[in-house]
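Trainee: So here's entry.pdb, just PDB, C-alpha atoms and all ligand atoms:
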ATOM      1  CA  MET C   5     -38.893 167.523  48.548  1.00  0.00           C
ATOM      2  CA  THR C   6     -36.485 164.826  47.386  1.00  0.00           C
ATOM      3  CA  MET C   7     -33.810 165.516  44.771  1.00  0.00           C
ATOM      4  CA  ASP C   8     -35.815 163.470  42.272  1.00  0.00           C
ATOM      5  CA  GLN C   9     -38.855 165.658  42.915  1.00  0.00           C
ATOM      6  CA  LYS C  10     -36.749 168.806  42.599  1.00  0.00           C
ATOM      7  CA  ASN C  11     -35.308 167.610  39.280  1.00  0.00           C
ATOM      8  CA  VAL C  12     -38.837 167.007  38.002  1.00  0.00           C
ATOM      9  CA  LEU C  13     -40.056 170.388  39.229  1.00  0.00           C
ATOM     10  CA  ILE C  14     -37.220 172.459  37.756  1.00  0.00           C
ATOM     11  CA  GLU C  15     -37.606 170.546  34.488  1.00  0.00           C
ATOM     12  CA  LYS C  16     -41.301 171.446  34.423  1.00  0.00           C
ATOM     13  CA  ILE C  17     -40.657 175.118  35.174  1.00  0.00           C
ATOM     14  CA  CYS C  18     -37.968 175.335  32.466  1.00  0.00           C
ATOM     15  CA  THR C  19     -39.720 173.392  29.709  1.00  0.00           C
ATOM     16  CA  GLU C  20     -42.922 175.387  30.177  1.00  0.00           C
ATOM     17  CA  ALA C  21     -41.013 178.680  30.114  1.00  0.00           C
ATOM     18  CA  ARG C  22     -38.621 177.831  27.223  1.00  0.00           C
ATOM     19  CA  ILE C  23     -36.880 181.144  27.920  1.00  0.00           C
ATOM     20  CA  LEU C  24     -35.827 182.111  31.423  1.00  0.00           C
ATOM     21  CA  PRO C  25     -35.294 185.868  31.478  1.00  0.00           C
ATOM     22  CA  VAL C  26     -32.489 186.988  33.768  1.00  0.00           C
ATOM     23  CA  ILE C  27     -33.628 190.195  35.427  1.00  0.00           C
ATOM     24  CA  THR C  28     -31.694 192.745  37.426  1.00  0.00           C
ATOM     25  CA  ILE C  29     -33.904 195.415  38.954  1.00  0.00           C
ATOM     26  CA  GLY C  30     -32.317 198.853  38.993  1.00  0.00           C
ATOM     27  CA  ARG C  31     -35.239 200.754  40.528  1.00  0.00           C
ATOM     28  CA  GLU C  32     -38.054 199.432  42.674  1.00  0.00           C
ATOM     29  CA  GLU C  33     -40.711 200.990  40.439  1.00  0.00           C
ATOM     30  CA  GLN C  34     -39.515 198.761  37.557  1.00  0.00           C
ATOM     31  CA  ILE C  35     -40.491 195.536  39.323  1.00  0.00           C
ATOM     32  CA  LEU C  36     -44.160 195.225  38.400  1.00  0.00           C
ATOM     33  CA  PRO C  37     -44.190 196.792  34.909  1.00  0.00           C
ATOM     34  CA  LEU C  38     -41.148 194.777  33.801  1.00  0.00           C
ATOM     35  CA  ALA C  39     -42.615 191.524  35.094  1.00  0.00           C
ATOM     36  CA  ASP C  40     -45.949 192.376  33.473  1.00  0.00           C
ATOM     37  CA  ALA C  41     -44.289 193.139  30.108  1.00  0.00           C
ATOM     38  CA  LEU C  42     -42.404 189.837  30.134  1.00  0.00           C
ATOM     39  CA  ALA C  43     -45.540 187.938  31.137  1.00  0.00           C
ATOM     40  CA  ALA C  44     -47.630 189.704  28.485  1.00  0.00           C
ATOM     41  CA  GLY C  45     -44.977 188.714  25.951  1.00  0.00           C
ATOM     42  CA  GLY C  46     -45.549 185.088  26.908  1.00  0.00           C
ATOM     43  CA  LEU C  47     -43.003 184.220  29.585  1.00  0.00           C
ATOM     44  CA  THR C  48     -44.081 182.174  32.592  1.00  0.00           C
ATOM     45  CA  ALA C  49     -41.013 182.172  34.841  1.00  0.00           C
ATOM     46  CA  LEU C  50     -38.585 184.911  35.862  1.00  0.00           C
ATOM     47  CA  GLU C  51     -35.119 184.790  37.386  1.00  0.00           C
ATOM     48  CA  ILE C  52     -34.605 187.832  39.611  1.00  0.00           C
ATOM     49  CA  THR C  53     -30.932 188.290  40.344  1.00  0.00           C
ATOM     50  CA  LEU C  54     -29.409 189.441  43.606  1.00  0.00           C
ATOM     51  CA  ARG C  55     -27.049 191.641  41.613  1.00  0.00           C
ATOM     52  CA  SER C  56     -28.935 194.700  42.799  1.00  0.00           C
ATOM     53  CA  ALA C  57     -30.210 195.688  46.214  1.00  0.00           C
ATOM     54  CA  HIS C  58     -33.782 195.327  44.922  1.00  0.00           C
ATOM     55  CA  GLY C  59     -33.595 191.602  44.212  1.00  0.00           C
ATOM     56  CA  LEU C  60     -35.091 190.363  47.471  1.00  0.00           C
ATOM     57  CA  THR C  61     -37.802 193.025  47.415  1.00  0.00           C
ATOM     58  CA  ALA C  62     -38.679 192.078  43.850  1.00  0.00           C
ATOM     59  CA  ILE C  63     -39.005 188.395  44.743  1.00  0.00           C
ATOM     60  CA  ARG C  64     -41.211 189.210  47.757  1.00  0.00           C
ATOM     61  CA  ARG C  65     -43.432 191.633  45.861  1.00  0.00           C
ATOM     62  CA  LEU C  66     -43.878 189.451  42.788  1.00  0.00           C
ATOM     63  CA  ARG C  67     -44.820 186.475  44.934  1.00  0.00           C
ATOM     64  CA  GLN C  68     -47.475 188.565  46.652  1.00  0.00           C
ATOM     65  CA  GLU C  69     -48.674 190.712  43.789  1.00  0.00           C
ATOM     66  CA  ARG C  70     -48.205 188.426  40.741  1.00  0.00           C
ATOM     67  CA  PRO C  71     -49.099 184.953  42.033  1.00  0.00           C
ATOM     68  CA  ASN C  72     -49.501 183.547  38.509  1.00  0.00           C
ATOM     69  CA  LEU C  73     -45.809 184.009  37.709  1.00  0.00           C
ATOM     70  CA  CYS C  74     -43.146 181.515  38.718  1.00  0.00           C
ATOM     71  CA  VAL C  75     -40.540 183.600  40.525  1.00  0.00           C
ATOM     72  CA  GLY C  76     -36.978 182.394  40.873  1.00  0.00           C
ATOM     73  CA  ALA C  77     -33.868 183.946  42.375  1.00  0.00           C
ATOM     74  CA  GLY C  78     -30.575 184.303  40.516  1.00  0.00           C
ATOM     75  CA  THR C  79     -26.957 185.085  41.336  1.00  0.00           C
ATOM     76  CA  VAL C  80     -27.283 183.081  44.539  1.00  0.00           C
ATOM     77  CA  LEU C  81     -23.662 182.492  45.533  1.00  0.00           C
ATOM     78  CA  ASP C  82     -23.763 180.912  48.997  1.00  0.00           C
ATOM     79  CA  LYS C  83     -25.965 179.402  51.681  1.00  0.00           C
ATOM     80  CA  ARG C  84     -26.743 182.743  53.302  1.00  0.00           C
ATOM     81  CA  MET C  85     -28.143 184.105  50.046  1.00  0.00           C
ATOM     82  CA  MET C  86     -30.022 180.857  49.500  1.00  0.00           C
ATOM     83  CA  ASP C  87     -31.648 181.180  52.928  1.00  0.00           C
ATOM     84  CA  GLU C  88     -32.633 184.779  52.151  1.00  0.00           C
ATOM     85  CA  VAL C  89     -34.281 184.042  48.814  1.00  0.00           C
ATOM     86  CA  GLU C  90     -36.025 180.975  50.209  1.00  0.00           C
ATOM     87  CA  ALA C  91     -37.469 183.152  52.986  1.00  0.00           C
ATOM     88  CA  ALA C  92     -38.494 185.781  50.419  1.00  0.00           C
ATOM     89  CA  GLY C  93     -40.550 183.130  48.633  1.00  0.00           C
ATOM     90  CA  ALA C  94     -38.406 182.191  45.636  1.00  0.00           C
ATOM     91  CA  GLN C  95     -39.897 179.149  43.876  1.00  0.00           C
ATOM     92  CA  PHE C  96     -36.554 178.106  42.411  1.00  0.00           C
ATOM     93  CA  ILE C  97     -32.971 179.230  42.809  1.00  0.00           C
ATOM     94  CA  VAL C  98     -30.259 179.718  40.183  1.00  0.00           C
ATOM     95  CA  SER C  99     -26.520 180.094  40.682  1.00  0.00           C
ATOM     96  CA  PRO C 100     -23.832 181.009  38.159  1.00  0.00           C
ATOM     97  CA  GLY C 101     -21.498 178.292  39.448  1.00  0.00           C
ATOM     98  CA  CYS C 102     -21.314 175.736  42.206  1.00  0.00           C
ATOM     99  CA  THR C 103     -19.447 175.216  45.438  1.00  0.00           C
ATOM    100  CA  ASP C 104     -19.760 172.186  47.701  1.00  0.00           C
ATOM    101  CA  GLU C 105     -21.427 174.431  50.300  1.00  0.00           C
ATOM    102  CA  LEU C 106     -24.036 175.660  47.841  1.00  0.00           C
ATOM    103  CA  LEU C 107     -24.742 172.224  46.346  1.00  0.00           C
ATOM    104  CA  GLN C 108     -25.227 170.759  49.825  1.00  0.00           C
ATOM    105  CA  ALA C 109     -27.465 173.662  50.834  1.00  0.00           C
ATOM    106  CA  GLY C 110     -29.491 173.030  47.687  1.00  0.00           C
ATOM    107  CA  VAL C 111     -30.122 169.435  48.780  1.00  0.00           C
ATOM    108  CA  ASN C 112     -31.608 170.713  52.050  1.00  0.00           C
ATOM    109  CA  CYS C 113     -33.489 173.661  50.531  1.00  0.00           C
ATOM    110  CA  SER C 114     -37.282 173.476  50.126  1.00  0.00           C
ATOM    111  CA  VAL C 115     -37.152 174.578  46.453  1.00  0.00           C
ATOM    112  CA  PRO C 116     -35.007 173.356  43.533  1.00  0.00           C
ATOM    113  CA  LEU C 117     -31.531 174.767  42.910  1.00  0.00           C
ATOM    114  CA  LEU C 118     -30.577 175.058  39.247  1.00  0.00           C
ATOM    115  CA  ALA C 119     -26.855 174.997  39.882  1.00  0.00           C
ATOM    116  CA  GLY C 120     -24.457 176.621  37.471  1.00  0.00           C
ATOM    117  CA  ILE C 121     -21.797 174.393  35.940  1.00  0.00           C
ATOM    118  CA  SER C 122     -19.150 175.007  33.309  1.00  0.00           C
ATOM    119  CA  ASN C 123     -17.553 171.586  32.854  1.00  0.00           C
ATOM    120  CA  ALA C 124     -17.858 167.830  33.421  1.00  0.00           C
ATOM    121  CA  SER C 125     -16.258 167.971  36.878  1.00  0.00           C
ATOM    122  CA  ASP C 126     -18.856 170.451  38.129  1.00  0.00           C
ATOM    123  CA  ILE C 127     -21.605 168.172  36.832  1.00  0.00           C
ATOM    124  CA  MET C 128     -20.063 165.194  38.610  1.00  0.00           C
ATOM    125  CA  ARG C 129     -20.004 166.991  41.971  1.00  0.00           C
ATOM    126  CA  GLY C 130     -23.681 167.862  41.600  1.00  0.00           C
ATOM    127  CA  TYR C 131     -24.566 164.487  40.140  1.00  0.00           C
ATOM    128  CA  ALA C 132     -23.209 162.704  43.223  1.00  0.00           C
ATOM    129  CA  LEU C 133     -25.707 164.658  45.334  1.00  0.00           C
ATOM    130  CA  GLY C 134     -28.649 163.857  43.054  1.00  0.00           C
ATOM    131  CA  TYR C 135     -28.690 166.874  40.741  1.00  0.00           C
ATOM    132  CA  ARG C 136     -29.709 166.114  37.155  1.00  0.00           C
ATOM    133  CA  ARG C 137     -30.600 169.598  35.884  1.00  0.00           C
ATOM    134  CA  PHE C 138     -28.028 172.370  35.570  1.00  0.00           C
ATOM    135  CA  LYS C 139     -27.454 175.835  34.166  1.00  0.00           C
ATOM    136  CA  LEU C 140     -24.501 175.910  31.754  1.00  0.00           C
ATOM    137  CA  PHE C 141     -22.789 179.245  32.341  1.00  0.00           C
ATOM    138  CA  PRO C 142     -21.403 181.152  30.523  1.00  0.00           C
ATOM    139  CA  ALA C 143     -22.782 178.967  27.761  1.00  0.00           C
ATOM    140  CA  GLU C 144     -21.222 180.546  24.689  1.00  0.00           C
ATOM    141  CA  VAL C 145     -17.810 180.837  26.349  1.00  0.00           C
ATOM    142  CA  CYS C 146     -17.956 177.225  27.604  1.00  0.00           C
ATOM    143  CA  GLY C 147     -18.357 175.826  24.109  1.00  0.00           C
ATOM    144  CA  GLY C 148     -22.009 176.505  23.406  1.00  0.00           C
ATOM    145  CA  VAL C 149     -23.997 174.011  21.384  1.00  0.00           C
ATOM    146  CA  ALA C 150     -20.967 171.783  20.765  1.00  0.00           C
ATOM    147  CA  ALA C 151     -20.236 171.542  24.490  1.00  0.00           C
ATOM    148  CA  ILE C 152     -23.825 170.550  25.301  1.00  0.00           C
ATOM    149  CA  LYS C 153     -23.765 167.869  22.606  1.00  0.00           C
ATOM    150  CA  ALA C 154     -20.483 166.518  23.982  1.00  0.00           C
ATOM    151  CA  LEU C 155     -21.702 166.528  27.608  1.00  0.00           C
ATOM    152  CA  GLY C 156     -24.733 164.499  26.506  1.00  0.00           C
ATOM    153  CA  GLY C 157     -22.417 161.514  25.973  1.00  0.00           C
ATOM    154  CA  PRO C 158     -21.295 160.787  29.543  1.00  0.00           C
ATOM    155  CA  PHE C 159     -24.327 162.479  31.137  1.00  0.00           C
ATOM    156  CA  ALA C 160     -27.235 161.027  29.205  1.00  0.00           C
ATOM    157  CA  ASP C 161     -29.816 161.775  31.920  1.00  0.00           C
ATOM    158  CA  VAL C 162     -28.716 165.371  32.481  1.00  0.00           C
ATOM    159  CA  ARG C 163     -30.446 168.383  30.928  1.00  0.00           C
ATOM    160  CA  PHE C 164     -29.324 171.969  30.754  1.00  0.00           C
ATOM    161  CA  CYS C 165     -30.426 175.593  30.735  1.00  0.00           C
ATOM    162  CA  PRO C 166     -27.644 177.315  28.762  1.00  0.00           C
ATOM    163  CA  THR C 167     -27.229 180.947  29.802  1.00  0.00           C
ATOM    164  CA  GLY C 168     -24.656 183.597  28.971  1.00  0.00           C
ATOM    165  CA  GLY C 169     -24.358 184.773  25.389  1.00  0.00           C
ATOM    166  CA  VAL C 170     -27.691 183.293  24.323  1.00  0.00           C
ATOM    167  CA  ASN C 171     -29.541 185.616  21.949  1.00  0.00           C
ATOM    168  CA  ALA C 172     -32.004 185.738  19.047  1.00  0.00           C
ATOM    169  CA  SER C 173     -29.480 184.235  16.638  1.00  0.00           C
ATOM    170  CA  ASN C 174     -28.611 181.099  18.633  1.00  0.00           C
ATOM    171  CA  ALA C 175     -31.536 180.401  21.030  1.00  0.00           C
ATOM    172  CA  ALA C 176     -33.406 178.124  18.606  1.00  0.00           C
ATOM    173  CA  GLN C 177     -30.260 176.113  17.925  1.00  0.00           C
ATOM    174  CA  TYR C 178     -29.768 175.470  21.650  1.00  0.00           C
ATOM    175  CA  LEU C 179     -33.413 174.543  22.114  1.00  0.00           C
ATOM    176  CA  SER C 180     -33.284 172.021  19.297  1.00  0.00           C
ATOM    177  CA  LEU C 181     -30.907 169.869  21.373  1.00  0.00           C
ATOM    178  CA  PRO C 182     -32.669 167.072  23.279  1.00  0.00           C
ATOM    179  CA  ASN C 183     -30.682 167.801  26.447  1.00  0.00           C
ATOM    180  CA  VAL C 184     -31.647 171.480  26.554  1.00  0.00           C
ATOM    181  CA  MET C 185     -34.809 172.211  28.553  1.00  0.00           C
ATOM    182  CA  CYS C 186     -34.792 175.998  28.166  1.00  0.00           C
ATOM    183  CA  VAL C 187     -32.427 178.885  27.526  1.00  0.00           C
ATOM    184  CA  GLY C 188     -31.687 181.770  29.846  1.00  0.00           C
ATOM    185  CA  GLY C 189     -30.670 185.320  29.130  1.00  0.00           C
ATOM    186  CA  THR C 190     -31.246 189.005  28.984  1.00  0.00           C
ATOM    187  CA  TRP C 191     -31.524 189.656  25.265  1.00  0.00           C
ATOM    188  CA  MET C 192     -35.246 190.484  25.249  1.00  0.00           C
ATOM    189  CA  ILE C 193     -34.739 193.194  27.885  1.00  0.00           C
ATOM    190  CA  ASP C 194     -33.210 196.058  25.939  1.00  0.00           C
ATOM    191  CA  GLY C 195     -31.210 198.331  28.242  1.00  0.00           C
ATOM    192  CA  ALA C 196     -32.522 201.581  26.743  1.00  0.00           C
ATOM    193  CA  ALA C 197     -36.137 200.371  26.851  1.00  0.00           C
ATOM    194  CA  LEU C 198     -35.694 199.371  30.481  1.00  0.00           C
ATOM    195  CA  LYS C 199     -34.201 202.747  31.353  1.00  0.00           C
ATOM    196  CA  SER C 200     -36.933 204.727  29.652  1.00  0.00           C
ATOM    197  CA  GLY C 201     -39.737 202.429  30.818  1.00  0.00           C
ATOM    198  CA  ASP C 202     -40.727 201.398  27.309  1.00  0.00           C
ATOM    199  CA  TRP C 203     -42.619 198.331  28.499  1.00  0.00           C
ATOM    200  CA  ALA C 204     -44.403 197.869  25.168  1.00  0.00           C
ATOM    201  CA  ALA C 205     -41.021 197.431  23.446  1.00  0.00           C
ATOM    202  CA  ILE C 206     -39.955 194.825  26.007  1.00  0.00           C
ATOM    203  CA  GLN C 207     -43.258 192.989  25.628  1.00  0.00           C
ATOM    204  CA  GLN C 208     -42.848 192.961  21.858  1.00  0.00           C
ATOM    205  CA  ALA C 209     -39.216 191.795  21.999  1.00  0.00           C
ATOM    206  CA  THR C 210     -40.277 188.999  24.340  1.00  0.00           C
ATOM    207  CA  ALA C 211     -43.124 187.889  22.084  1.00  0.00           C
ATOM    208  CA  GLU C 212     -40.741 187.935  19.109  1.00  0.00           C
ATOM    209  CA  ALA C 213     -38.153 185.884  20.987  1.00  0.00           C
ATOM    210  CA  LEU C 214     -40.739 183.201  21.746  1.00  0.00           C
ATOM    211  CA  ALA C 215     -42.204 183.291  18.238  1.00  0.00           C
ATOM    212  CA  SER C 216     -38.765 182.802  16.673  1.00  0.00           C
ATOM    213  CA  LEU C 217     -38.336 179.624  18.729  1.00  0.00           C
ATOM    214  CA  ALA C 218     -41.651 178.300  17.530  1.00  0.00           C
ATOM    215  CA  LYS C 219     -40.437 178.707  13.931  1.00  0.00           C
ATOM    216  CA  GLY C 220     -36.928 177.381  14.622  1.00  0.00           C
TER     217      GLY C 220
HETATM  218  O1  LIG P   1     -26.141 186.793  37.381  1.00  0.00           O
HETATM  219  C1  LIG P   1     -26.031 185.579  37.268  1.00  0.00           C
HETATM  220  O2  LIG P   1     -26.200 184.799  38.200  1.00  0.00           O
HETATM  221  C2  LIG P   1     -25.663 184.976  36.003  1.00  0.00           C
HETATM  222  O3  LIG P   1     -25.509 183.802  35.928  1.00  0.00           O
HETATM  223  C3  LIG P   1     -25.464 185.807  34.839  1.00  0.00           C
HETATM  224  C4  LIG P   1     -26.586 185.775  33.832  1.00  0.00           C
HETATM  225  O4  LIG P   1     -27.089 184.497  33.663  1.00  0.00           O
HETATM  226  C5  LIG P   1     -26.075 186.333  32.594  1.00  0.00           C
HETATM  227  O5  LIG P   1     -25.663 187.654  32.847  1.00  0.00           O
HETATM  228  C6  LIG P   1     -27.004 186.339  31.438  1.00  0.00           C
HETATM  229  O6  LIG P   1     -26.183 186.556  30.350  1.00  0.00           O
HETATM  230  P1  LIG P   1     -26.583 187.335  29.025  1.00  0.00           P
HETATM  231  O7  LIG P   1     -27.867 186.784  28.531  1.00  0.00           O
HETATM  232  O8  LIG P   1     -25.421 187.020  28.138  1.00  0.00           O
HETATM  233  O9  LIG P   1     -26.642 188.778  29.403  1.00  0.00           O
END
Can you turn what I pasted into structure tokens?

Mentor:
Amino acid sequence: MTMDQKNVLIEKICTEARILPVITIGREEQILPLADALAAGGLTALEITLRSAHGLTAIRRLRQERPNLCVGAGTVLDKRMMDEVEAAGAQFIVSPGCTDELLQAGVNCSVPLLAGISNASDIMRGYALGYRRFKLFPAEVCGGVAAIKALGGPFADVRFCPTGGVNASNAAQYLSLPNVMCVGGTWMIDGAALKSGDWAAIQQATAEALASLAKG
């Protein structure tokens, strides 16, 4: 896949999803019910982080057992992790930041890398390699909506997935920007509901998150 094709594909995944939930699996038995609750709430793509030891297992199992979901990998920090998630079947890869090693590995990878950036210089290093879609992280700390508006000046053909500090009160504002393709975050996955396995609550919070965007 060329970089142009990868830019188109990650754009499609993100615009269809509108919200990219960032998921860290604490126990293997959470994998399927959590994914099912998010999907029932209306989400189409999931970012499974490698923050826990269950990340790779979750990617493998969801690819096999939930083929209708688009399964991505998150917290991919280097080429070794990229190789692992690619082998596990990840359909896209997300990183919190970028290194030259990771950006180059993303060019050679068979699936798109949504590379994390936090400033214009990061964008320029990715841009030179053909990247046009990025995750802004941590979005609220990096200047939030104002930063994305400002970056739209020099980088008119770049679009973003802001993540980090996005929640019910600011998601619609981000999504109203023309250079935002989706927002990422964890706010619809309440920690207590996750711990107690209250999947209905997570489904409802997800549906509400999407409905509030429709209104905004
Ligand atoms: O693990 C990674 O690779 C990350 O980039 C971090 C996540 O994107 C944020 O933890 C989501 O942030 P919140 O929605 O504010 O909880």

Trainee: Would you write out, as a list in words, every residue that the PyMOL selection byres (((chain C and resi 45-52) around 6) and not hetatm) captures in this file?

Mentor: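 Selected by the PyMOL selection byres (((chain C and resi 45-52) around 6) and not hetatm) in this file: Ala21, Leu24, Pro25, Val26, Ile27, Leu42, Ala43, Ala44, Thr53, Leu73, Cys74, Val75, Gly76, Ala77, Gly78, Gln207, Thr210 and Ala211 of chain C.
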
Trainee: Evaluate the PyMOL selection byres (((chain C and resi 170) around 8) and not hetatm) against this structure - the residues, as a list in words, please.

Mentor: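 When the PyMOL selection byres (((chain C and resi 170) around 8) and not hetatm) is applied to the shown file, the picked residues are Ala143, Glu144, Pro166, Thr167, Gly168, Gly169, Asn171, Ala172, Ser173, Asn174, Ala175, Val187, Gly188, Gly189 and Trp191 of chain C.
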
Trainee: Please put the answer as AutoDock Vina command-line options: centre and edge lengths, in Å with one decimal, of a box along x, y and z that encloses all listed atoms of ligand LIG 1 (chain P) plus 6 Å on each side.

Mentor:
--center_x -26.6 --center_y 186.3 --center_z 33.2 --size_x 14.4 --size_y 17.0 --size_z 22.1

Trainee: Using atom CA of C:Leu107 and atom CA of C:Thr28 as the two end points, give the distance in Å to one decimal.

Mentor: 23.4 Å

Trainee: So what does the PyMOL selection byres (((chain C and resi 112) around 12) and not hetatm) actually pick up in this one, as a ChimeraX atom specification?

Mentor: /C:5-7,10,83,86-87,90,105-111,113-117,133-134

Trainee: Between C:Ser216, C:Thr103, C:Ser56, C:Ser200, which has the minimum distance to C:Leu179 (counting all atoms listed in the file)?

Mentor: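 Residue with the minimum atom-to-atom distance to C:Leu179: C:Ser216.
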
Trainee: Is there a way to get, as a PDB file with C-alpha atoms, in the coordinates of the input, all residues within 6 Å of the point (-34.9, 175.0, 18.5) in file coordinates, counting all atoms listed in the file?

Mentor:
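New file point-v1.pdb:
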ATOM      1  CA  ALA C 176     -33.406 178.124  18.606  1.00  0.00           C
ATOM      2  CA  GLN C 177     -30.260 176.113  17.925  1.00  0.00           C
ATOM      3  CA  LEU C 179     -33.413 174.543  22.114  1.00  0.00           C
ATOM      4  CA  SER C 180     -33.284 172.021  19.297  1.00  0.00           C
ATOM      5  CA  LEU C 217     -38.336 179.624  18.729  1.00  0.00           C
ATOM      6  CA  GLY C 220     -36.928 177.381  14.622  1.00  0.00           C
TER       7      GLY C 220
END

Trainee: When you draw a straight line from atom CA of C:Leu66 to atom CA of C:Ile14, how long is it in Å?

Mentor: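 Distance reported for this atom pair: 18.9 Å.
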
Trainee: Tell me, in Å to one decimal, how far atom CA of C:Ile23 is from atom CA of C:Leu214.

Mentor: 7.6 Å

Trainee: For each of C:Lys153, C:Arg22, C:Arg65, C:Arg55, take the minimum atom-to-atom distance to ligand LIG 1 (chain P), counting only C-alpha atoms and all ligand atoms, then give the residue where this is smallest.

Mentor: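 Among the listed residues, the smallest separation from ligand LIG 1 (chain P) belongs to C:Arg55.
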
Trainee: Pick from C:Ala215, C:Asp104, C:Leu155, C:Val80: nearest to ligand LIG 1 (chain P), with only C-alpha atoms and all ligand atoms counted?

Mentor: C:Val80

Trainee: Please determine, counting only C-alpha atoms, which residue among C:Gly195, C:Asp126, C:Phe96, C:Ala132 has the shortest atom-to-atom distance to C:Lys16.

Mentor: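 Nearest to C:Lys16: C:Phe96.
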
Trainee: Would you mind telling me which residue in C:Leu81, C:Leu36, C:Val149, C:Ala94 lies nearest to ligand LIG 1 (chain P) when using only C-alpha atoms and all ligand atoms?

Mentor: C:Leu81

Trainee: For each of C:Tyr135, C:Leu60, C:Glu33, C:Ser125, take the minimum atom-to-atom distance to C:Pro158, counting all atoms listed in the file, then give the residue where this is smallest.

Mentor: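 Between C:Tyr135, C:Leu60, C:Glu33, C:Ser125, the residue approaching C:Pro158 most closely is C:Ser125.
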